[in-house]
$ cat work34.csv   # CSV, C-alpha atoms
chain,number,residue,atom,x,y,z
X,1,MET,CA,12.7,-11.0,3.4
X,2,SER,CA,10.0,-10.1,5.9
X,3,LEU,CA,10.9,-7.8,8.8
X,4,LEU,CA,7.8,-8.7,10.8
X,5,ASP,CA,9.6,-9.2,14.1
X,6,GLY,CA,11.7,-11.9,12.5
X,7,ARG,CA,8.7,-14.1,11.5
X,8,ARG,CA,6.4,-14.6,8.5
X,9,ASP,CA,2.6,-14.9,8.8
X,10,PRO,CA,1.9,-18.4,7.6
X,11,ALA,CA,-1.2,-17.3,5.7
X,12,ARG,CA,-1.3,-15.7,2.3
X,13,LEU,CA,-3.6,-12.7,2.6
X,14,ALA,CA,-6.0,-11.1,0.1
X,15,LEU,CA,-7.4,-7.7,1.1
X,16,VAL,CA,-10.5,-6.9,-1.0
X,17,MET,CA,-11.4,-3.2,-1.1
X,18,VAL,CA,-15.1,-2.2,-0.9
X,19,GLY,CA,-16.8,1.2,-1.2
X,20,LEU,CA,-18.4,3.8,-3.4
X,21,PRO,CA,-16.2,6.0,-5.6
X,22,ALA,CA,-14.3,8.9,-4.0
X,23,ARG,CA,-14.3,7.2,-0.6
X,24,GLY,CA,-10.6,6.8,-0.3
X,25,LYS,CA,-10.3,3.1,-1.2
X,26,THR,CA,-7.2,3.5,-3.4
X,27,HIS,CA,-5.6,5.9,-0.9
X,28,MET,CA,-6.0,3.2,1.8
X,29,ALA,CA,-4.9,0.4,-0.5
X,30,ARG,CA,-1.7,2.2,-1.4
X,31,ARG,CA,-0.9,3.2,2.1
X,32,LEU,CA,-1.4,-0.4,3.3
X,33,ALA,CA,0.9,-1.6,0.5
X,34,ARG,CA,3.5,0.9,1.3
X,35,TYR,CA,3.5,-0.1,5.0
X,36,LEU,CA,3.8,-3.8,4.1
X,37,ARG,CA,6.5,-3.3,1.6
X,38,TRP,CA,8.5,-1.3,4.1
X,39,LEU,CA,8.3,-4.3,6.4
X,40,GLY,CA,9.6,-6.5,3.6
X,41,VAL,CA,6.3,-8.3,2.8
X,42,SER,CA,5.8,-9.0,-0.9
X,43,THR,CA,2.8,-6.9,-1.6
X,44,ARG,CA,1.0,-5.6,-4.7
X,45,VAL,CA,-2.1,-3.6,-5.5
X,46,PHE,CA,-4.4,-4.7,-8.4
X,47,ASN,CA,-6.5,-1.7,-9.4
X,48,VAL,CA,-9.5,-2.6,-11.6
X,49,GLY,CA,-9.8,0.9,-12.8
X,50,ASN,CA,-6.4,0.8,-14.3
X,51,TYR,CA,-7.3,-2.4,-16.2
X,52,ARG,CA,-10.4,-0.5,-17.6
X,53,ARG,CA,-8.3,2.5,-18.7
X,54,GLU,CA,-5.5,0.4,-20.2
X,55,ARG,CA,-7.8,-2.0,-22.1
X,56,LEU,CA,-10.9,0.0,-22.9
X,57,GLY,CA,-9.6,3.6,-22.9
X,58,SER,CA,-9.8,6.3,-20.4
X,59,HIS,CA,-12.8,8.4,-21.6
X,60,GLN,CA,-15.8,6.5,-20.4
X,61,SER,CA,-18.8,8.7,-19.5
X,62,HIS,CA,-21.0,7.9,-16.5
X,63,ASP,CA,-23.4,5.9,-18.7
X,64,PHE,CA,-20.7,3.2,-18.9
X,65,PHE,CA,-21.2,2.6,-15.1
X,66,ASP,CA,-25.0,2.5,-15.2
X,67,PRO,CA,-26.1,-0.9,-13.8
X,68,ASP,CA,-28.9,-0.9,-16.4
X,69,ASN,CA,-26.3,-0.7,-19.2
X,70,PRO,CA,-25.7,-4.4,-20.1
X,71,GLU,CA,-22.6,-3.7,-22.4
X,72,GLY,CA,-21.0,-1.5,-19.7
X,73,ARG,CA,-21.8,-4.0,-17.0
X,74,GLU,CA,-20.3,-6.9,-18.9
X,75,ALA,CA,-17.2,-4.9,-19.8
X,76,ARG,CA,-16.6,-3.9,-16.2
X,77,ARG,CA,-17.1,-7.5,-15.1
X,78,GLU,CA,-14.4,-8.7,-17.6
X,79,MET,CA,-11.9,-6.1,-16.3
X,80,ALA,CA,-12.6,-7.1,-12.7
X,81,MET,CA,-12.0,-10.8,-13.6
X,82,ALA,CA,-8.8,-10.0,-15.5
X,83,ALA,CA,-7.4,-8.2,-12.5
X,84,LEU,CA,-8.4,-11.1,-10.2
X,85,GLU,CA,-6.8,-13.7,-12.5
X,86,ASP,CA,-3.6,-11.6,-12.5
X,87,MET,CA,-3.6,-11.4,-8.8
X,88,LEU,CA,-4.1,-15.2,-8.4
X,89,ALA,CA,-1.1,-15.7,-10.8
X,90,TRP,CA,1.0,-13.3,-8.7
X,91,PHE,CA,0.1,-15.2,-5.6
X,92,ALA,CA,1.1,-18.5,-7.3
X,93,SER,CA,4.5,-17.0,-8.1
X,94,GLY,CA,5.2,-16.2,-4.4
X,95,GLY,CA,3.2,-13.1,-3.5
X,96,GLU,CA,2.2,-12.7,0.1
X,97,VAL,CA,-0.4,-9.9,0.4
X,98,GLY,CA,-2.5,-8.8,-2.6
X,99,LEU,CA,-4.9,-5.8,-2.5
X,100,TYR,CA,-7.8,-6.1,-4.9
X,101,ASP,CA,-8.8,-2.5,-5.4
X,102,ALA,CA,-12.3,-2.1,-6.9
X,103,THR,CA,-15.7,-0.8,-5.8
X,104,ASN,CA,-17.0,-4.4,-5.1
X,105,THR,CA,-20.3,-2.7,-4.1
X,106,THR,CA,-22.6,-5.7,-4.3
X,107,ALA,CA,-22.7,-8.8,-2.2
X,108,GLY,CA,-22.8,-10.9,-5.4
X,109,ARG,CA,-19.6,-9.5,-6.8
X,110,ARG,CA,-17.9,-9.9,-3.4
X,111,ARG,CA,-19.0,-13.5,-3.1
X,112,LEU,CA,-17.7,-14.2,-6.6
X,113,VAL,CA,-14.3,-12.7,-5.8
X,114,ALA,CA,-14.0,-14.3,-2.3
X,115,GLU,CA,-14.9,-17.7,-3.5
X,116,ARG,CA,-12.3,-17.5,-6.2
X,117,LEU,CA,-9.6,-16.4,-3.8
X,118,ARG,CA,-10.5,-18.9,-1.1
X,119,ALA,CA,-10.4,-21.7,-3.6
X,120,HIS,CA,-6.7,-21.0,-4.0
X,121,GLY,CA,-6.1,-21.2,-0.3
X,122,LEU,CA,-6.1,-17.5,0.4
X,123,ASP,CA,-7.4,-15.8,3.5
X,124,VAL,CA,-9.8,-13.0,2.6
X,125,VAL,CA,-10.5,-9.8,4.5
X,126,PHE,CA,-12.8,-7.1,3.1
X,127,VAL,CA,-11.7,-3.5,3.7
X,128,GLU,CA,-14.7,-1.3,3.4
X,129,SER,CA,-14.4,2.5,3.2
X,130,VAL,CA,-17.5,4.4,4.2
X,131,CYS,CA,-17.6,8.2,4.0
X,132,GLU,CA,-20.4,10.2,5.5
X,133,ASP,CA,-18.6,13.5,5.3
X,134,GLU,CA,-19.7,15.4,2.2
X,135,ALA,CA,-16.7,17.8,2.5
X,136,VAL,CA,-14.3,14.9,2.3
X,137,ILE,CA,-16.1,13.5,-0.7
X,138,ALA,CA,-16.1,16.8,-2.5
X,139,SER,CA,-12.4,17.3,-1.7
X,140,ASN,CA,-11.5,13.8,-2.9
X,141,ILE,CA,-13.4,14.4,-6.2
X,142,ARG,CA,-11.6,17.6,-7.0
X,143,GLN,CA,-8.1,16.8,-5.7
X,144,THR,CA,-7.8,13.2,-7.1
X,145,LYS,CA,-10.6,12.1,-9.4
X,146,LEU,CA,-10.5,15.1,-11.7
X,147,ARG,CA,-6.8,14.4,-12.3
X,148,MET,CA,-7.5,11.0,-13.6
X,149,PRO,CA,-7.0,10.3,-17.4
X,150,ASP,CA,-10.8,9.8,-17.5
X,151,TYR,CA,-11.2,13.6,-17.5
X,152,ALA,CA,-8.2,14.8,-19.4
X,153,GLY,CA,-9.3,17.9,-21.5
X,154,VAL,CA,-12.7,18.1,-19.7
X,155,SER,CA,-13.7,21.3,-17.9
X,156,GLU,CA,-13.8,21.0,-14.1
X,157,ASP,CA,-17.6,21.6,-13.8
X,158,GLU,CA,-18.4,19.0,-16.5
X,159,ALA,CA,-16.0,16.5,-14.9
X,160,VAL,CA,-17.5,16.9,-11.4
X,161,ALA,CA,-21.0,16.5,-12.8
X,162,ASP,CA,-20.1,13.3,-14.7
X,163,PHE,CA,-18.3,11.8,-11.7
X,164,ARG,CA,-21.2,12.6,-9.4
X,165,ALA,CA,-23.5,10.8,-11.9
X,166,ARG,CA,-21.0,7.8,-11.8
X,167,ILE,CA,-21.3,7.7,-8.0
X,168,ALA,CA,-25.1,7.8,-8.2
X,169,HIS,CA,-25.1,4.7,-10.4
X,170,TYR,CA,-23.0,2.8,-7.8
X,171,GLU,CA,-25.2,4.1,-5.0
X,172,ARG,CA,-28.3,2.5,-6.5
X,173,VAL,CA,-26.8,-1.0,-6.1
X,174,TYR,CA,-24.5,-0.5,-3.1
X,175,GLU,CA,-24.8,-3.1,-0.4
X,176,PRO,CA,-22.6,-2.7,2.8
X,177,VAL,CA,-20.5,-5.7,3.8
X,178,ASP,CA,-22.5,-8.0,6.1
X,179,GLU,CA,-21.3,-10.1,8.9
X,180,SER,CA,-22.3,-13.2,7.0
X,181,GLU,CA,-19.6,-12.5,4.4
X,182,GLY,CA,-16.7,-13.2,6.7
X,183,SER,CA,-13.8,-11.1,7.9
X,184,TYR,CA,-14.0,-7.4,7.3
X,185,VAL,CA,-12.7,-4.0,8.5
X,186,ARG,CA,-15.0,-1.0,8.0
X,187,VAL,CA,-13.3,2.4,8.0
X,188,VAL,CA,-15.6,5.3,8.4
X,189,ASP,CA,-14.6,8.8,7.3
X,190,VAL,CA,-11.0,7.9,6.7
X,191,GLY,CA,-10.3,6.7,10.2
X,192,ARG,CA,-12.9,8.5,12.4
X,193,LYS,CA,-14.2,5.1,13.3
X,194,VAL,CA,-12.9,1.6,12.6
X,195,VAL,CA,-15.0,-1.5,13.0
X,196,ALA,CA,-13.4,-5.0,12.8
X,197,HIS,CA,-15.4,-8.2,12.4
X,198,ARG,CA,-13.8,-11.6,12.8
X,199,VAL,CA,-10.3,-10.3,12.0
X,200,GLN,CA,-7.9,-12.9,13.3
X,201,GLY,CA,-4.2,-13.6,12.9
X,202,TYR,CA,-1.0,-11.7,13.5
X,203,LEU,CA,-0.8,-9.7,10.2
X,204,PRO,CA,-4.5,-8.9,9.8
X,205,SER,CA,-4.7,-7.6,13.3
X,206,ARG,CA,-1.6,-5.5,12.8
X,207,LEU,CA,-3.2,-3.9,9.7
X,208,VAL,CA,-6.3,-3.0,11.6
X,209,HIS,CA,-4.1,-1.0,14.0
X,210,PHE,CA,-2.5,0.7,11.1
X,211,LEU,CA,-5.8,1.7,9.5
X,212,MET,CA,-6.9,3.2,12.8
X,213,ASN,CA,-4.1,5.8,12.5
X,214,LEU,CA,-4.8,6.9,8.9
X,215,HIS,CA,-6.1,10.3,7.9
X,216,VAL,CA,-6.0,12.7,4.9
X,217,ALA,CA,-5.3,16.0,6.7
X,218,PRO,CA,-2.6,17.9,4.8
X,219,ARG,CA,0.7,18.5,6.6
X,220,SER,CA,4.4,18.2,6.0
X,221,ILE,CA,7.1,16.0,7.5
X,222,TRP,CA,10.6,17.4,7.8
X,223,LEU,CA,13.6,15.2,8.2
X,224,THR,CA,17.1,16.3,9.0
X,225,ARG,CA,20.2,14.8,10.5
X,226,HIS,CA,21.8,16.5,13.5
X,227,GLY,CA,24.5,19.1,12.7
X,228,GLU,CA,28.0,17.8,12.1
X,229,SER,CA,29.4,16.2,15.3
X,230,THR,CA,33.0,15.9,16.5
X,231,PHE,CA,32.7,12.1,15.6
X,232,ASN,CA,31.7,13.0,12.1
X,233,VAL,CA,34.8,15.1,11.8
X,234,GLU,CA,36.9,12.1,12.9
X,235,ASN,CA,34.8,9.6,10.9
X,236,ARG,CA,33.9,7.7,14.1
X,237,VAL,CA,30.9,5.4,14.5
X,238,GLY,CA,28.2,5.9,17.2
X,239,GLY,CA,29.0,7.5,20.5
X,240,ASP,CA,27.3,10.5,22.1
X,241,PRO,CA,29.4,13.4,21.0
X,242,GLY,CA,28.5,17.1,20.8
X,243,LEU,CA,28.4,19.3,17.8
X,244,SER,CA,31.4,20.5,15.9
X,245,PRO,CA,31.7,24.2,15.1
X,246,ALA,CA,30.1,23.6,11.7
X,247,GLY,CA,27.4,21.6,13.5
X,248,GLU,CA,26.7,24.6,15.8
X,249,ARG,CA,26.4,26.9,12.8
X,250,PHE,CA,23.9,24.4,11.2
X,251,ARG,CA,21.9,24.5,14.4
X,252,GLU,CA,21.4,28.3,13.9
X,253,ALA,CA,20.7,27.9,10.2
X,254,LEU,CA,18.1,25.2,11.0
X,255,ALA,CA,16.4,27.5,13.5
X,256,ALA,CA,16.3,30.3,11.0
X,257,HIS,CA,14.8,27.9,8.4
X,258,VAL,CA,12.1,26.7,10.7
X,259,GLY,CA,11.5,30.3,11.9
X,260,GLY,CA,10.6,31.2,8.3
X,261,LEU,CA,7.8,28.6,8.2
X,262,GLU,CA,5.3,31.1,9.6
X,263,ALA,CA,2.2,29.1,8.8
X,264,SER,CA,3.3,25.8,10.2
X,265,ARG,CA,5.8,26.7,12.8
X,266,LYS,CA,3.3,27.4,15.6
X,267,ASP,CA,1.8,23.9,15.4
X,268,MET,CA,5.0,22.0,14.6
X,269,ARG,CA,6.1,19.1,16.7
X,270,VAL,CA,9.9,18.5,17.0
X,271,TRP,CA,11.1,15.0,17.6
X,272,THR,CA,14.7,14.2,18.4
X,273,SER,CA,16.6,11.1,19.5
X,274,THR,CA,17.9,10.9,23.1
X,275,LEU,CA,21.4,11.6,22.0
X,276,ARG,CA,23.2,14.8,22.6
X,277,ARG,CA,23.9,15.8,19.0
X,278,THR,CA,20.2,15.8,18.0
X,279,ARG,CA,19.1,17.6,21.2
X,280,GLU,CA,21.7,20.3,20.6
X,281,THR,CA,20.7,20.7,17.0
X,282,ALA,CA,17.1,21.3,17.9
X,283,SER,CA,17.8,23.5,20.9
X,284,ALA,CA,17.9,26.8,19.0
X,285,ILE,CA,14.5,26.3,17.3
X,286,GLY,CA,12.6,27.6,20.3
X,287,LEU,CA,9.9,24.9,20.3
X,288,PRO,CA,9.3,22.1,22.8
X,289,THR,CA,11.1,18.9,21.8
X,290,GLU,CA,10.1,15.3,22.3
X,291,GLU,CA,12.8,12.6,22.7
X,292,TRP,CA,12.4,9.2,21.2
X,293,ARG,CA,14.7,6.4,22.0
X,294,SER,CA,13.4,4.7,18.8
X,295,LEU,CA,15.1,7.5,16.9
X,296,ASP,CA,18.6,6.8,18.4
X,297,GLU,CA,21.3,6.0,15.9
X,298,ILE,CA,22.1,2.4,14.9
X,299,ASP,CA,23.9,0.8,17.9
X,300,ALA,CA,27.4,0.0,16.8
X,301,GLY,CA,28.0,-2.3,19.7
X,302,ALA,CA,31.6,-3.4,20.1
X,303,CYS,CA,32.5,-1.0,17.2
X,304,ASP,CA,31.1,2.1,19.0
X,305,GLY,CA,33.6,5.0,18.9
X,306,MET,CA,35.9,3.3,16.3
X,307,THR,CA,36.7,4.8,12.9
X,308,TYR,CA,35.8,2.9,9.8
X,309,ASP,CA,39.5,2.4,9.1
X,310,GLU,CA,40.0,1.0,12.6
X,311,ILE,CA,37.2,-1.5,12.0
X,312,ARG,CA,38.7,-2.5,8.7
X,313,ASP,CA,42.2,-3.0,10.2
X,314,GLN,CA,41.2,-4.5,13.6
X,315,LEU,CA,38.0,-6.4,12.7
X,316,PRO,CA,38.5,-7.4,9.0
X,317,LYS,CA,35.8,-10.1,9.1
X,318,GLU,CA,33.2,-7.6,10.5
X,319,HIS,CA,34.2,-5.0,7.9
X,320,ALA,CA,33.8,-7.6,5.1
X,321,ALA,CA,30.5,-8.9,6.4
X,322,ARG,CA,29.1,-5.3,6.5
X,323,ARG,CA,30.2,-4.7,2.9
X,324,GLU,CA,28.6,-7.9,1.8
X,325,ASN,CA,25.1,-7.2,3.2
X,326,LYS,CA,24.7,-3.9,4.8
X,327,LEU,CA,21.0,-4.4,5.5
X,328,THR,CA,21.2,-7.5,7.6
X,329,TYR,CA,24.7,-7.0,9.0
X,330,ARG,CA,24.6,-6.6,12.8
X,331,TYR,CA,27.5,-5.0,14.7
X,332,PRO,CA,28.9,-7.3,17.4
X,333,ARG,CA,26.6,-6.8,20.4
X,334,GLY,CA,24.9,-4.0,18.4
X,335,GLU,CA,22.2,-3.6,15.8
X,336,SER,CA,21.6,-4.0,12.0
X,337,TYR,CA,19.5,-1.9,9.7
X,338,VAL,CA,16.8,-4.5,10.0
X,339,ASP,CA,16.7,-3.9,13.8
X,340,VAL,CA,16.5,-0.2,13.2
X,341,ILE,CA,13.5,-0.6,10.9
X,342,ARG,CA,11.7,-2.8,13.4
X,343,ARG,CA,12.1,-0.3,16.2
X,344,LEU,CA,10.9,2.6,14.0
X,345,GLU,CA,7.4,1.2,13.7
X,346,PRO,CA,5.9,3.1,16.6
X,347,VAL,CA,7.4,6.3,15.1
X,348,ILE,CA,5.7,5.4,11.7
X,349,LEU,CA,2.3,4.9,13.4
X,350,GLU,CA,2.6,8.2,15.2
X,351,LEU,CA,3.6,10.0,12.0
X,352,GLU,CA,0.5,8.5,10.3
X,353,ARG,CA,-1.7,9.6,13.2
X,354,GLU,CA,-0.3,13.1,13.6
X,355,ARG,CA,-2.2,15.9,11.8
X,356,ARG,CA,0.3,18.7,12.6
X,357,PRO,CA,3.7,19.2,10.8
X,358,VAL,CA,6.5,17.2,12.3
X,359,LEU,CA,10.3,17.9,12.3
X,360,VAL,CA,12.4,14.9,13.0
X,361,VAL,CA,16.0,15.6,14.0
X,362,ALA,CA,17.8,12.2,14.0
X,363,HIS,CA,20.6,10.1,12.5
X,364,GLN,CA,21.5,8.8,9.1
X,365,ALA,CA,20.4,5.2,9.5
X,366,VAL,CA,17.2,6.1,11.3
X,367,LEU,CA,16.3,8.8,8.7
X,368,ARG,CA,17.0,6.3,5.9
X,369,GLY,CA,14.4,4.0,7.4
X,370,LEU,CA,11.8,6.8,7.8
X,371,TYR,CA,12.5,8.1,4.3
X,372,ALA,CA,12.1,4.6,2.8
X,373,TYR,CA,8.7,4.2,4.4
X,374,LEU,CA,7.4,7.6,3.3
X,375,MET,CA,8.8,7.3,-0.3
X,376,ASP,CA,7.8,3.6,-0.7
X,377,ARG,CA,11.4,2.3,-1.1
X,378,PRO,CA,12.1,-1.4,-0.4
X,379,PRO,CA,14.2,-2.4,2.7
X,380,LYS,CA,17.1,-3.5,0.5
X,381,GLU,CA,17.6,0.1,-0.5
X,382,VAL,CA,17.5,1.6,3.0
X,383,PRO,CA,21.3,1.4,3.8
X,384,TYR,CA,22.1,3.4,0.6
X,385,LEU,CA,19.6,6.2,0.6
X,386,PRO,CA,21.2,9.6,0.4
X,387,VAL,CA,20.6,11.6,3.6
X,388,PRO,CA,23.5,14.1,3.8
X,389,LEU,CA,24.4,16.3,6.7
X,390,HIS,CA,23.0,19.9,6.8
X,391,THR,CA,20.2,19.1,4.5
X,392,VAL,CA,16.5,19.4,5.4
X,393,ILE,CA,14.1,17.1,3.5
X,394,ARG,CA,10.5,18.1,3.3
X,395,LEU,CA,8.0,15.3,2.5
X,396,THR,CA,4.4,16.2,1.9
X,397,PRO,CA,2.0,13.3,1.8
X,398,ILE,CA,-0.5,13.4,-1.0
X,399,THR,CA,-3.2,10.9,-2.0
X,400,TYR,CA,-0.9,8.4,-3.8
X,401,GLY,CA,2.5,9.1,-2.4
X,402,CYS,CA,4.7,12.0,-1.1
X,403,GLU,CA,6.1,15.1,-2.7
X,404,GLU,CA,9.7,15.8,-1.9
X,405,GLU,CA,11.8,19.0,-1.5
X,406,ARG,CA,15.4,19.3,-0.3
X,407,PHE,CA,17.0,22.3,1.3
X,408,THR,CA,20.8,22.5,1.8
X,409,LEU,CA,21.5,24.8,4.7
X,410,ALA,CA,25.2,25.5,4.4
X,411,PRO,CA,26.6,26.5,7.7
X,412,ALA,CA,28.0,30.0,7.7
X,413,SER,CA,31.8,30.4,7.8
X,414,PRO,CA,33.2,31.1,11.3
$ encode --input "work34.csv" --output "structure tokens"
Amino acid sequence: MSLLDGRRDPARLALVMVGLPARGKTHMARRLARYLRWLGVSTRVFNVGNYRRERLGSHQSHDFFDPDNPEGREARREMAMAALEDMLAWFASGGEVGLYDATNTTAGRRRLVAERLRAHGLDVVFVESVCEDEAVIASNIRQTKLRMPDYAGVSEDEAVADFRARIAHYERVYEPVDESEGSYVRVVDVGRKVVAHRVQGYLPSRLVHFLMNLHVAPRSIWLTRHGESTFNVENRVGGDPGLSPAGERFREALAAHVGGLEASRKDMRVWTSTLRRTRETASAIGLPTEEWRSLDEIDAGACDGMTYDEIRDQLPKEHAARRENKLTYRYPRGESYVDVIRRLEPVILELERERRPVLVVAHQAVLRGLYAYLMDRPPKEVPYLPVPLHTVIRLTPITYGCEEERFTLAPASP
């Protein structure tokens, strides 16, 4: 089920990654896939390097990648074609957006791939990653490439030297994507500059906008619900209540927790919804807060202020419909989880763009949507993700995902 504003893009789309090793191609491919899957688009990454490691073994020295090595060249071509054929089979079974993750450094290889994809009725967009920042390249080599199975048991200095030699082999034959090859997006220095050529259509244009907000600067994203409210105590839905006594104690515990984050606290951005209980929860932190209407709790419509027992007794059909499909169920004159996910997209893009740590103080349904995006969980799981009260979730984006820590801040007894 696609959540792209209630519509599906009519075209099936193949994104073909291009670029030298250690330029962030796989990072971008996985982030694009995570974003699309969060929107409910059937998406899969086909990484040619994984095919090589699985079928030929991990420990291939740089000589294997030498363009003057005919055996290595043919073996790499076979792995590239195997990944391509699997991607075509996946499209044939109903896939919507496939990402072909390989170096694809020559115009000849790209032509071969593109012709095969287009012959199956697929739209093709090249996504080229160009990095001119030596510090970024060096960091990428040490933080990600040296952790690959290729270098298991190899000293760091030896691994760096071998991988640098591998890059040099690719540099000898590298040809940047040319306008004559069709649609492409060129991303320079992981988002410092983005160039789009002949990118048309609803979904491809949306992906360009997403790529413009990517970066690799390290920072943490903190998620927490507001402190317990008076409505939580009464098991009521929605409303704009204040905090309960336990919620007020959590407010102080949260402030103390954030105060202990000495390194990141001074730069932290604090986002809340426009509702009273989140603003009150953030009020003791001592940092400026930014209110987002997009972070408001799911609108319960005609059920606002009711308890779940009252909904079950007075509106049994609504209660049954919600139990049957919590993701798509929409409260009368209110919202569904699908609606919440749609309105969170501006928040997601700002989170991707932001280089400072961010603390989001919001509501259960909203935080489920954000957590699902950051942890690459499908929309169908969103309504059931555990986001308990008085718990702070720290998510730290890394190259291929997010690291998670949870801190339970039990409010002190009165």
$ residues_around --input "work34.csv" --residues "Leu287 in chain X" --least-positions-apart "5" --cutoff "9 Å" --atoms "only C-alpha atoms" --output "list of chain:residue names"
X:Arg265, X:Lys266, X:Met268, X:Arg269, X:Val270, X:Ala282
$ residues_near_point --input "work34.csv" --point "(15.9, 6.2, 20.6)" --cutoff "9 Å" --atoms "only C-alpha atoms" --output "list in words"
Thr272, Ser273, Thr274, Leu275, Glu291, Trp292, Arg293, Ser294, Leu295, Asp296, Glu297 and Arg343 of chain X
$ residues_around --input "work34.csv" --residues "Ser283 in chain X" --least-positions-apart "6" --cutoff "12 Å" --atoms "only C-alpha atoms" --output "number ranges by chain"
X: 226-227, 243, 248, 250-255, 270-272, 276-277, 289-290, 361
$ residues_around --input "work34.csv" --residues "Leu349 in chain X" --least-positions-apart "5" --cutoff "10 Å" --atoms "only C-alpha atoms" --output "PDB file with C-alpha atoms, in the coordinates of the input"
ATOM      1  CA  TYR X  35       3.500  -0.100   5.000  1.00  0.00           C
ATOM      2  CA  HIS X 209      -4.100  -1.000  14.000  1.00  0.00           C
ATOM      3  CA  PHE X 210      -2.500   0.700  11.100  1.00  0.00           C
ATOM      4  CA  LEU X 211      -5.800   1.700   9.500  1.00  0.00           C
ATOM      5  CA  MET X 212      -6.900   3.200  12.800  1.00  0.00           C
ATOM      6  CA  ASN X 213      -4.100   5.800  12.500  1.00  0.00           C
ATOM      7  CA  LEU X 214      -4.800   6.900   8.900  1.00  0.00           C
ATOM      8  CA  LEU X 344      10.900   2.600  14.000  1.00  0.00           C
ATOM      9  CA  GLU X 354      -0.300  13.100  13.600  1.00  0.00           C
TER      10      GLU X 354
END
$ closest_residue --input "work34.csv" --among "X:Val340, X:Val136, X:Leu409, X:Ala302" --to "Pro379 in chain X" --atoms "all atoms listed in the file"
X:Val340
$ closest_residue --input "work34.csv" --among "X:Pro346, X:Val387, X:Gln200, X:Asp189" --to "Glu134 in chain X" --atoms "only C-alpha atoms"
X:Asp189
